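The file query.csv comes next; it holds CSV, C-alpha atoms and all ligand atoms.
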```csv
chain,number,residue,atom,x,y,z
F,1,MET,CA,-16.1,93.2,27.2
F,2,ARG,CA,-18.6,95.3,29.2
F,3,PHE,CA,-18.2,97.1,32.4
F,4,GLU,CA,-20.9,98.5,34.8
F,5,VAL,CA,-20.4,100.3,38.0
F,6,GLU,CA,-23.3,99.2,40.3
F,7,ALA,CA,-22.4,100.9,43.6
F,8,GLU,CA,-20.2,103.7,44.8
F,9,ASP,CA,-19.0,104.8,48.3
F,10,GLY,CA,-16.9,107.9,48.0
F,11,HIS,CA,-14.4,107.1,45.2
F,12,ALA,CA,-14.7,103.4,45.9
F,13,ARG,CA,-16.7,101.5,43.3
F,14,ALA,CA,-18.3,98.0,43.0
F,15,GLY,CA,-19.2,96.8,39.6
F,16,VAL,CA,-19.2,93.9,37.1
F,17,LEU,CA,-16.8,93.3,34.3
F,18,THR,CA,-18.4,91.0,31.8
F,19,THR,CA,-15.8,89.1,29.6
F,20,ARG,CA,-16.2,86.4,27.1
F,21,HIS,CA,-15.0,84.0,29.7
F,22,GLY,CA,-17.4,85.0,32.5
F,23,ALA,CA,-18.5,87.8,34.7
F,24,ILE,CA,-16.0,89.3,37.2
F,25,GLU,CA,-17.2,91.3,40.2
F,26,THR,CA,-14.9,94.3,40.9
F,27,PRO,CA,-12.9,95.4,42.8
F,28,VAL,CA,-11.0,92.2,41.9
F,29,PHE,CA,-7.7,90.7,42.7
F,30,MET,CA,-6.1,88.7,39.8
F,31,PRO,CA,-3.6,86.0,40.8
F,32,VAL,CA,-0.5,86.0,38.6
F,33,GLY,CA,0.2,83.0,36.4
F,34,THR,CA,3.5,83.9,34.9
F,35,ALA,CA,4.4,80.9,32.8
F,36,GLY,CA,0.8,79.6,32.3
F,37,THR,CA,0.6,78.5,35.9
F,38,VAL,CA,-0.3,80.3,39.1
F,39,LYS,CA,2.7,78.9,41.0
F,40,GLY,CA,2.0,76.3,43.6
F,41,ILE,CA,-1.8,75.9,43.1
F,42,ARG,CA,-4.0,73.8,40.9
F,43,PHE,CA,-6.6,75.3,38.7
F,44,GLU,CA,-9.3,73.3,40.5
F,45,GLU,CA,-8.4,75.1,43.7
F,46,LEU,CA,-8.5,78.5,42.0
F,47,GLU,CA,-12.0,77.7,40.8
F,48,SER,CA,-13.1,76.3,44.2
F,49,ALA,CA,-15.5,78.2,46.4
F,50,ASP,CA,-12.6,78.8,48.8
F,51,LEU,CA,-10.9,81.0,46.2
F,52,ASP,CA,-13.2,81.5,43.3
F,53,ALA,CA,-10.6,83.4,41.2
F,54,ARG,CA,-12.5,84.7,38.2
F,55,ILE,CA,-9.5,86.0,36.2
F,56,ILE,CA,-5.8,85.3,36.3
F,57,LEU,CA,-2.8,86.8,34.6
F,58,GLY,CA,-0.6,85.3,31.9
F,59,ASN,CA,2.8,86.7,31.0
F,60,THR,CA,3.5,87.5,27.4
F,61,TYR,CA,7.3,87.7,27.8
F,62,HIS,CA,7.6,84.3,29.5
F,63,LEU,CA,5.1,82.5,27.3
F,64,TRP,CA,6.6,84.0,24.1
F,65,LEU,CA,10.1,82.7,25.0
F,66,ARG,CA,8.9,79.4,26.3
F,67,PRO,CA,7.0,77.4,25.1
F,68,GLY,CA,6.6,79.9,22.2
F,69,THR,CA,3.7,80.9,20.1
F,70,GLU,CA,3.8,77.9,17.8
F,71,VAL,CA,3.1,75.5,20.7
F,72,ILE,CA,0.3,77.7,22.1
F,73,LYS,CA,-1.2,78.2,18.7
F,74,ALA,CA,-1.2,74.5,18.1
F,75,ALA,CA,-3.2,74.0,21.3
F,76,GLY,CA,-5.7,76.6,20.2
F,77,GLY,CA,-4.7,79.4,22.5
F,78,LEU,CA,-3.7,79.9,26.1
F,79,HIS,CA,-7.1,78.9,27.7
F,80,ARG,CA,-7.0,75.5,26.0
F,81,PHE,CA,-3.2,75.0,26.5
F,82,ILE,CA,-3.4,75.5,30.2
F,83,GLY,CA,-6.9,74.1,30.8
F,84,TRP,CA,-8.5,77.3,32.2
F,85,ASP,CA,-12.0,78.4,31.0
F,86,ARG,CA,-12.3,81.6,33.0
F,87,ALA,CA,-10.9,85.0,32.1
F,88,LEU,CA,-7.3,85.7,31.3
F,89,LEU,CA,-5.4,89.0,31.2
F,90,THR,CA,-2.0,89.1,29.6
F,91,ASP,CA,0.6,91.8,30.2
F,92,SER,CA,2.5,93.1,27.2
F,93,GLY,CA,6.0,92.0,28.1
F,94,GLY,CA,7.1,95.6,28.4
F,95,PHE,CA,7.6,95.5,32.2
F,96,GLN,CA,9.6,92.2,32.1
F,97,VAL,CA,11.8,93.5,29.4
F,98,TRP,CA,12.3,96.7,31.3
F,99,SER,CA,13.2,94.8,34.4
F,100,LEU,CA,16.1,93.1,32.5
F,101,GLY,CA,17.9,96.4,33.1
F,102,ALA,CA,21.3,96.6,31.3
F,103,LEU,CA,20.5,93.5,29.3
F,104,ARG,CA,18.1,95.3,27.0
F,105,LYS,CA,18.4,98.1,24.4
F,106,ILE,CA,15.4,100.4,23.8
F,107,THR,CA,14.9,102.2,20.5
F,108,GLU,CA,11.9,103.9,18.9
F,109,GLU,CA,11.1,100.7,17.2
F,110,GLY,CA,11.0,98.5,20.2
F,111,THR,CA,13.2,96.6,22.7
F,112,GLU,CA,16.1,94.3,21.9
F,113,PHE,CA,17.2,91.9,24.6
F,114,ARG,CA,18.7,88.5,25.3
F,115,SER,CA,16.4,85.7,26.2
F,116,HIS,CA,16.9,84.4,29.7
F,117,VAL,CA,16.0,80.9,28.4
F,118,ASP,CA,18.6,80.3,25.7
F,119,GLY,CA,20.5,83.6,25.4
F,120,SER,CA,19.2,84.3,21.9
F,121,LEU,CA,18.8,87.9,20.7
F,122,ARG,CA,15.1,88.8,20.7
F,123,PHE,CA,13.1,91.9,19.7
F,124,LEU,CA,9.8,92.9,21.3
F,125,SER,CA,7.7,95.8,19.9
F,126,PRO,CA,4.1,97.0,20.1
F,127,GLU,CA,3.4,94.9,16.9
F,128,VAL,CA,5.1,91.8,18.2
F,129,SER,CA,3.4,92.0,21.6
F,130,MET,CA,0.0,92.4,20.0
F,131,GLU,CA,0.7,89.4,17.7
F,132,VAL,CA,1.8,87.2,20.7
F,133,GLN,CA,-1.3,88.3,22.8
F,134,ALA,CA,-3.6,87.5,19.9
F,135,VAL,CA,-2.1,84.0,19.7
F,136,LEU,CA,-2.5,83.7,23.5
F,137,GLY,CA,-6.2,84.7,23.0
F,138,SER,CA,-6.4,86.4,26.4
F,139,ASP,CA,-9.6,88.3,27.2
F,140,VAL,CA,-7.8,91.4,28.2
F,141,VAL,CA,-4.7,92.5,26.3
F,142,MET,CA,-2.3,95.2,27.6
F,143,VAL,CA,-0.5,97.8,25.3
F,144,PHE,CA,3.2,97.6,25.0
F,145,ASP,CA,4.7,100.3,27.2
F,146,GLU,CA,8.0,101.6,28.6
F,147,CYS,CA,8.4,102.0,32.3
F,148,ALA,CA,10.5,104.7,33.9
F,149,PRO,CA,12.2,103.9,37.3
F,150,GLY,CA,10.4,105.2,40.3
F,151,ASN,CA,13.1,107.8,40.9
F,152,ALA,CA,13.6,108.9,37.3
F,153,THR,CA,14.1,112.6,36.6
F,154,HIS,CA,11.4,114.7,35.0
F,155,GLU,CA,13.3,114.8,31.7
F,156,ASP,CA,13.9,111.0,31.6
F,157,THR,CA,10.3,110.3,32.6
F,158,GLU,CA,8.9,112.6,30.0
F,159,ARG,CA,11.0,110.9,27.2
F,160,SER,CA,9.8,107.5,28.4
F,161,MET,CA,6.2,108.6,28.7
F,162,GLU,CA,6.1,110.1,25.2
F,163,LEU,CA,7.6,106.8,23.8
F,164,THR,CA,4.9,104.9,25.7
F,165,ALA,CA,2.2,107.1,24.1
F,166,ARG,CA,3.6,106.4,20.6
F,167,TRP,CA,3.8,102.7,21.4
F,168,ALA,CA,0.2,102.8,22.7
F,169,ARG,CA,-1.0,104.2,19.3
F,170,ARG,CA,1.0,101.5,17.5
F,171,SER,CA,-0.4,98.8,19.8
F,172,ARG,CA,-4.0,100.1,19.1
F,173,THR,CA,-3.4,99.9,15.3
F,174,ALA,CA,-1.8,96.5,15.4
F,175,PHE,CA,-4.5,95.2,17.8
F,176,ASP,CA,-7.3,96.4,15.5
F,177,GLN,CA,-5.7,94.8,12.5
F,178,LEU,CA,-5.2,91.5,14.2
F,179,GLN,CA,-8.8,91.5,15.4
F,180,ALA,CA,-10.0,92.2,11.9
F,181,ALA,CA,-7.8,89.4,10.5
F,182,GLY,CA,-9.2,86.9,13.0
F,183,ALA,CA,-5.8,86.3,14.7
F,184,ASP,CA,-7.3,86.1,18.2
F,185,THR,CA,-7.5,82.4,19.3
F,186,GLY,CA,-9.8,83.1,22.2
F,187,ARG,CA,-12.8,84.4,20.3
F,188,VAL,CA,-16.0,83.4,22.0
F,189,GLU,CA,-19.4,84.6,21.0
F,190,ALA,CA,-20.8,85.5,24.4
F,191,GLU,CA,-24.3,87.1,24.9
F,192,GLY,CA,-24.2,90.8,24.4
F,193,LEU,CA,-20.4,90.8,23.6
F,194,SER,CA,-18.6,91.2,20.4
F,195,GLY,CA,-16.4,88.2,21.1
F,196,ALA,CA,-13.3,90.3,20.6
F,197,GLN,CA,-10.4,90.7,23.0
F,198,ALA,CA,-10.4,93.9,25.1
F,199,LEU,CA,-7.4,96.3,25.0
F,200,PHE,CA,-6.2,98.3,28.0
F,201,GLY,CA,-4.0,101.4,27.8
F,202,ILE,CA,-1.3,102.1,30.4
F,203,VAL,CA,-0.7,105.5,32.1
F,204,GLN,CA,3.0,106.1,32.9
F,205,GLY,CA,4.9,109.1,34.2
F,206,ALA,CA,6.6,107.8,37.4
F,207,GLY,CA,6.0,110.1,40.4
F,208,HIS,CA,5.6,113.3,38.3
F,209,LEU,CA,1.9,114.3,38.5
F,210,ASP,CA,2.0,116.7,35.5
F,211,LEU,CA,3.4,113.9,33.3
F,212,ARG,CA,0.9,111.3,34.7
F,213,ARG,CA,-1.9,113.6,33.8
F,214,ARG,CA,-0.6,114.2,30.3
F,215,SER,CA,0.0,110.5,29.9
F,216,LEU,CA,-3.7,109.9,30.9
F,217,GLU,CA,-4.9,112.5,28.4
F,218,GLN,CA,-2.8,111.0,25.6
F,219,THR,CA,-4.0,107.4,26.4
F,220,VAL,CA,-7.7,108.4,26.7
F,221,GLU,CA,-7.4,110.2,23.4
F,222,ILE,CA,-6.4,107.0,21.7
F,223,GLY,CA,-9.3,105.2,23.4
F,224,PHE,CA,-9.2,101.9,25.2
F,225,ASP,CA,-11.6,99.4,26.9
F,226,GLY,CA,-9.9,100.0,30.2
F,227,TYR,CA,-7.0,102.0,31.7
F,228,ALA,CA,-4.1,100.9,33.9
F,229,ILE,CA,-1.8,102.8,36.1
F,230,GLY,CA,1.6,101.3,35.4
F,231,GLY,CA,5.1,102.0,36.7
F,232,LEU,CA,4.3,102.0,40.4
F,233,SER,CA,5.8,99.8,43.1
F,234,VAL,CA,9.1,100.1,41.2
F,235,GLY,CA,11.2,101.6,43.9
F,236,GLU,CA,9.4,104.9,44.6
F,237,GLU,CA,8.2,105.8,48.2
F,238,LYS,CA,4.8,104.5,49.1
F,239,GLN,CA,3.6,108.0,49.7
F,240,VAL,CA,4.5,108.9,46.1
F,241,MET,CA,2.5,105.8,44.9
F,242,PHE,CA,-0.6,107.0,46.7
F,243,GLU,CA,-0.2,110.6,45.5
F,244,VAL,CA,-0.2,109.3,42.0
F,245,ILE,CA,-3.3,107.0,42.6
F,246,ASP,CA,-5.1,109.8,44.4
F,247,ASP,CA,-4.6,112.2,41.5
F,248,ILE,CA,-5.0,109.8,38.5
F,249,ALA,CA,-7.5,107.1,39.4
F,250,PRO,CA,-10.5,109.5,39.7
F,251,ARG,CA,-9.6,111.2,36.4
F,252,ILE,CA,-9.8,107.9,34.5
F,253,PRO,CA,-13.1,107.8,32.6
F,254,ALA,CA,-15.7,106.6,35.1
F,255,ASP,CA,-17.3,104.1,32.7
F,256,ARG,CA,-14.0,102.2,32.2
F,257,PRO,CA,-12.3,99.7,34.6
F,258,ARG,CA,-9.2,101.1,36.4
F,259,TYR,CA,-6.4,98.7,36.9
F,260,LEU,CA,-3.4,99.3,39.2
F,261,MET,CA,-0.6,97.1,37.9
F,262,GLY,CA,1.6,95.0,40.2
F,263,VAL,CA,0.3,96.3,43.5
F,264,GLY,CA,0.4,95.3,46.4
F,265,THR,CA,-0.1,94.2,50.0
F,266,PRO,CA,-3.7,93.7,51.3
F,267,GLU,CA,-3.6,97.2,52.9
F,268,ASP,CA,-2.4,98.7,49.6
F,269,LEU,CA,-5.4,97.1,47.8
F,270,VAL,CA,-7.9,98.5,50.3
F,271,GLU,CA,-6.3,101.9,50.1
F,272,ALA,CA,-6.3,102.0,46.3
F,273,VAL,CA,-9.9,100.9,46.2
F,274,THR,CA,-10.7,103.9,48.4
F,275,ARG,CA,-9.1,106.0,45.6
F,276,GLY,CA,-11.3,104.4,42.9
F,277,VAL,CA,-9.2,101.4,41.6
F,278,ASP,CA,-11.1,98.4,40.3
F,279,MET,CA,-8.5,95.8,39.4
F,280,PHE,CA,-5.2,94.5,40.9
F,281,ASP,CA,-2.6,91.9,40.3
F,282,CYS,CA,0.4,91.0,42.4
F,283,VAL,CA,2.8,88.2,43.0
F,284,LEU,CA,2.9,88.7,46.8
F,285,PRO,CA,0.5,86.0,47.9
F,286,THR,CA,2.1,83.3,45.8
F,287,ARG,CA,5.8,84.4,46.0
F,288,ASN,CA,5.6,85.0,49.8
F,289,GLY,CA,3.7,81.8,50.2
F,290,ARG,CA,6.8,80.0,48.8
F,291,THR,CA,9.1,81.8,51.2
F,292,GLY,CA,7.1,80.9,54.3
F,293,GLN,CA,5.2,84.2,54.8
F,294,ALA,CA,1.5,84.2,55.4
F,295,PHE,CA,-0.8,87.2,55.1
F,296,THR,CA,-3.4,87.2,57.8
F,297,SER,CA,-6.1,89.5,59.1
F,298,ARG,CA,-3.7,90.3,61.9
F,299,GLY,CA,-0.7,91.1,59.8
F,300,LYS,CA,2.1,89.0,58.3
F,301,LEU,CA,3.1,85.8,59.9
F,302,ASN,CA,6.5,84.1,59.3
F,303,ILE,CA,5.9,80.4,59.6
F,304,LYS,CA,9.6,79.7,60.3
F,305,ASN,CA,9.4,81.4,63.7
F,306,ALA,CA,10.1,79.1,66.7
F,307,GLN,CA,7.1,80.6,68.5
F,308,TRP,CA,4.8,78.5,66.3
F,309,ALA,CA,6.5,75.2,67.0
F,310,LYS,CA,3.7,73.9,69.2
F,311,ASP,CA,0.9,76.3,68.1
F,312,SER,CA,-2.3,74.4,67.3
F,313,ARG,CA,-4.1,77.4,65.9
F,314,PRO,CA,-4.6,77.9,62.2
F,315,LEU,CA,-2.7,80.6,60.3
F,316,ASP,CA,-5.6,82.9,60.6
F,317,GLU,CA,-8.4,82.2,63.1
F,318,SER,CA,-10.9,84.3,61.1
F,319,CYS,CA,-10.0,82.7,57.7
F,320,ARG,CA,-12.5,80.2,56.3
F,321,CYS,CA,-10.1,78.6,53.8
F,322,SER,CA,-9.6,74.8,53.7
F,323,VAL,CA,-6.0,75.1,54.9
F,324,CYS,CA,-7.0,77.1,58.0
F,325,GLY,CA,-9.9,74.6,58.5
F,326,ARG,CA,-7.5,71.6,58.7
F,327,HIS,CA,-3.9,72.5,59.5
F,328,SER,CA,-2.1,74.1,62.5
F,329,ARG,CA,0.8,76.6,62.4
F,330,ALA,CA,2.9,73.9,64.1
F,331,TYR,CA,2.3,71.5,61.2
F,332,LEU,CA,2.9,74.1,58.5
F,333,ARG,CA,6.1,75.2,60.2
F,334,HIS,CA,7.2,71.5,60.3
F,335,LEU,CA,6.5,71.1,56.6
F,336,TYR,CA,8.3,74.3,55.8
F,337,LEU,CA,11.4,73.5,57.8
F,338,SER,CA,11.5,70.0,56.3
F,339,GLY,CA,11.5,71.5,52.8
F,340,GLU,CA,8.3,69.7,51.9
F,341,MET,CA,6.6,71.1,48.8
F,342,LEU,CA,3.3,70.9,50.5
F,343,ALA,CA,4.3,73.9,52.7
F,344,SER,CA,4.5,76.2,49.7
F,345,ILE,CA,1.2,74.8,48.3
F,346,LEU,CA,-0.7,75.3,51.5
F,347,LEU,CA,0.7,78.7,52.3
F,348,THR,CA,0.0,79.9,48.7
F,349,HIS,CA,-3.6,78.6,49.0
F,350,HIS,CA,-4.2,80.4,52.2
F,351,ASN,CA,-2.6,83.7,51.0
F,352,LEU,CA,-4.7,83.7,47.8
F,353,ALA,CA,-7.8,82.9,49.9
F,354,PHE,CA,-6.9,85.9,52.1
F,355,PHE,CA,-6.4,88.3,49.2
F,356,LEU,CA,-9.5,87.1,47.4
F,357,ASP,CA,-11.7,87.1,50.5
F,358,THR,CA,-10.5,90.6,51.4
F,359,MET,CA,-11.7,91.8,48.0
F,360,ARG,CA,-15.0,90.0,48.6
F,361,GLY,CA,-15.4,91.9,51.8
F,362,VAL,CA,-14.5,95.2,50.0
F,363,ARG,CA,-17.2,94.6,47.4
F,364,GLN,CA,-19.9,93.7,49.9
F,365,SER,CA,-19.1,96.7,52.0
F,366,ILE,CA,-19.2,99.1,49.1
F,367,ARG,CA,-22.5,97.7,48.0
F,368,SER,CA,-24.0,98.0,51.5
F,369,GLY,CA,-22.5,101.5,52.0
F,370,ASP,CA,-20.2,100.3,54.8
F,371,PHE,CA,-16.9,100.6,53.1
F,372,PRO,CA,-15.4,103.3,55.4
F,373,LYS,CA,-16.2,101.0,58.4
F,374,PHE,CA,-14.7,98.0,56.6
F,375,ARG,CA,-11.5,99.9,55.8
F,376,ARG,CA,-11.1,101.2,59.4
F,377,GLU,CA,-11.7,97.8,61.0
F,378,PHE,CA,-9.5,96.0,58.5
F,379,THR,CA,-6.6,98.4,59.1
F,380,GLU,CA,-7.0,98.3,62.8
F,381,ARG,CA,-6.9,94.5,62.9
F,382,LEU,CA,-3.9,94.3,60.6
F,383,SER,CA,-1.8,96.5,62.9
F,384,ALA,CA,-3.1,94.9,66.1
F,385,ASN,CA,-0.9,91.8,66.1
F,386,GLY,CA,1.4,92.1,63.1
F,387,GLU,CA,4.9,90.8,63.4
F,401,ZN,ZN,-6.7,80.4,55.5
```

Spell out the structure here as structure tokens.
Amino acid sequence: MRFEVEAEDGHARAGVLTTRHGAIETPVFMPVGTAGTVKGIRFEELESADLDARIILGNTYHLWLRPGTEVIKAAGGLHRFIGWDRALLTDSGGFQVWSLGALRKITEEGTEFRSHVDGSLRFLSPEVSMEVQAVLGSDVVMVFDECAPGNATHEDTERSMELTARWARRSRTAFDQLQAAGADTGRVEAEGLSGAQALFGIVQGAGHLDLRRRSLEQTVEIGFDGYAIGGLSVGEEKQVMFEVIDDIAPRIPADRPRYLMGVGTPEDLVEAVTRGVDMFDCVLPTRNGRTGQAFTSRGKLNIKNAQWAKDSRPLDESCRCSVCGRHSRAYLRHLYLSGEMLASILLTHHNLAFFLDTMRGVRQSIRSGDFPKFRREFTERLSANGE
């Protein structure tokens, strides 16, 4: 993997991340494909000019439990299994296991939990996570980490963060051994690239800035291809989230991509770009699409509302996606209330188009030196007519 920053505007950066499965312009939004599918949308649509998603997420925890590594290995890796030839990033499973709450037991060695699929007792560790991600053959692998709750005390957070640092080192070692052993199923000899997977470290420390800084130092000392800020959007105040990003993002080595995990709304994305973040993922556009909520340039729109019953306008009058080009709010509302699966499909498509197009606008404005103006107008429009 190669990363080049090509333009800067304040802390905001526009660059290109070159992976063995294509070049990705940053800042980038990555749709989440939990179980080997971005829910509610076909891969052809993700590739279409409408969306043009260059990288999507896969979920180690879910894919490991079902269909399991044997099935994916037999297919020749996750790219081949799902029929996606663009870039893939896989998370480590750490966050999913963490979110099981009382159902899991964390020790120095790793995390023991019961599978939500069949109730069997499973064990996930840095080594297992790296093995699974090698079988998946994703282009970007995440270290196995532990996440402290947003409101964790200093003492609890410190313990969790130190464990994350030890797990990061074990992840690095296991990853390097697996690469050397040729375990990675996604190896592609691309021009100027080694063909290997990239490994990202994760900075933890909840809302405690001193711990966040120490976590960053420890992570950079180990050395990774990119750095993620994890453990945000887990119940802390939004102000705390931005304090952490403000403080940490600019301290991440400038020549490495900075990835804010699991965040957020379109305005969160723009605000984090302002603070120097390059990569994002979030389930909001797909999940909310399935529950009848559209993200638009004028704020959120709930398609269930009676006020749209006879409204012939598209979801977003300034959106150029194929859903807005063809269908009215009235029709989408009818589909949703009728329980038609097409409602989820169309809303998901529009929401992803809106997130991806917002990032396109962000990139263009950084390159042309107009990012502050873009940010101001974007924010003003959002609050003008939101519900
Ligand atoms: Zn649209």

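Between CA of Pro266 (chain F) and CA of Arg298 (chain F) the separation is 11.1 Å.
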
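Once Lys73 (chain F) and its same-chain neighbours fewer than 4 positions away are set aside, Thr69, Gly77 and Val135 of chain F remain within 7 Å of it when counting only C-alpha atoms.
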
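With distances taken over all atoms listed in the file, F:Glu267 is the one residue among F:Asp255, F:Asp246, F:Glu267, F:Glu221 lying closest to Arg376 (chain F).
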
Item to complete: Could the residues that lie within 12 Å of ligand ZN 401 (chain F), counting all atoms listed in the file, be listed as number ranges by chain?
Response: F: 50-51, 285, 289, 294-297, 313-329, 332, 346-358

Practice prompt. Give the answer as one residue: which of F:Arg42, F:Arg333, F:Arg214, F:His11 has the shortest atom-to-atom distance to Ala309 (chain F), using only C-alpha atoms?
Written response: F:Arg333

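If you look at CA of Gly15 (chain F) and CA of Ile366 (chain F), they are 9.8 Å away from each other.
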
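The two atoms in question, CA of Ser194 (chain F) and CA of Ala180 (chain F), are spaced 12.1 Å apart.
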
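When all atoms listed in the file are used to compute distances to Val362 (chain F), the closest of the residues F:Ile252, F:Val71, F:Thr274, F:Val97 turns out to be F:Thr274.
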
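Comparing F:Ala134, F:Met279, F:Val16, F:Ile345 by their smallest distance to Leu78 (chain F), the closest is F:Ala134 (using all atoms listed in the file).
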
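Considering the residues F:Lys105, F:Arg114, F:His62, F:Arg251 and counting all atoms listed in the file, Thr90 (chain F) has its shortest atom-to-atom contact with F:His62.
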
What's around Ile72 (chain F) at 10 Å? Count only C-alpha atoms, leave out sequence neighbours fewer than 3 positions away in its own chain, and write the answer as a CSV table (one decimal) with C-alpha atoms, in the frame of the given file.
```csv
chain,number,residue,atom,x,y,z
F,63,LEU,CA,5.1,82.5,27.3
F,64,TRP,CA,6.6,84.0,24.1
F,66,ARG,CA,8.9,79.4,26.3
F,67,PRO,CA,7.0,77.4,25.1
F,68,GLY,CA,6.6,79.9,22.2
F,69,THR,CA,3.7,80.9,20.1
F,75,ALA,CA,-3.2,74.0,21.3
F,76,GLY,CA,-5.7,76.6,20.2
F,77,GLY,CA,-4.7,79.4,22.5
F,78,LEU,CA,-3.7,79.9,26.1
F,79,HIS,CA,-7.1,78.9,27.7
F,80,ARG,CA,-7.0,75.5,26.0
F,81,PHE,CA,-3.2,75.0,26.5
F,82,ILE,CA,-3.4,75.5,30.2
F,132,VAL,CA,1.8,87.2,20.7
F,135,VAL,CA,-2.1,84.0,19.7
F,136,LEU,CA,-2.5,83.7,23.5
F,137,GLY,CA,-6.2,84.7,23.0
F,185,THR,CA,-7.5,82.4,19.3
```

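Distances here use only C-alpha atoms; by that measure, the residue among F:Glu112, F:Glu4, F:Asp118, F:Glu243 closest to Ala23 (chain F) is F:Glu4.
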
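Excluding Arg290 (chain F) itself and same-chain residues fewer than 3 positions from it, the residues having an atom within 7 Å of it are Thr286, Arg287, Ser344 and Thr348 of chain F, counting all atoms listed in the file.
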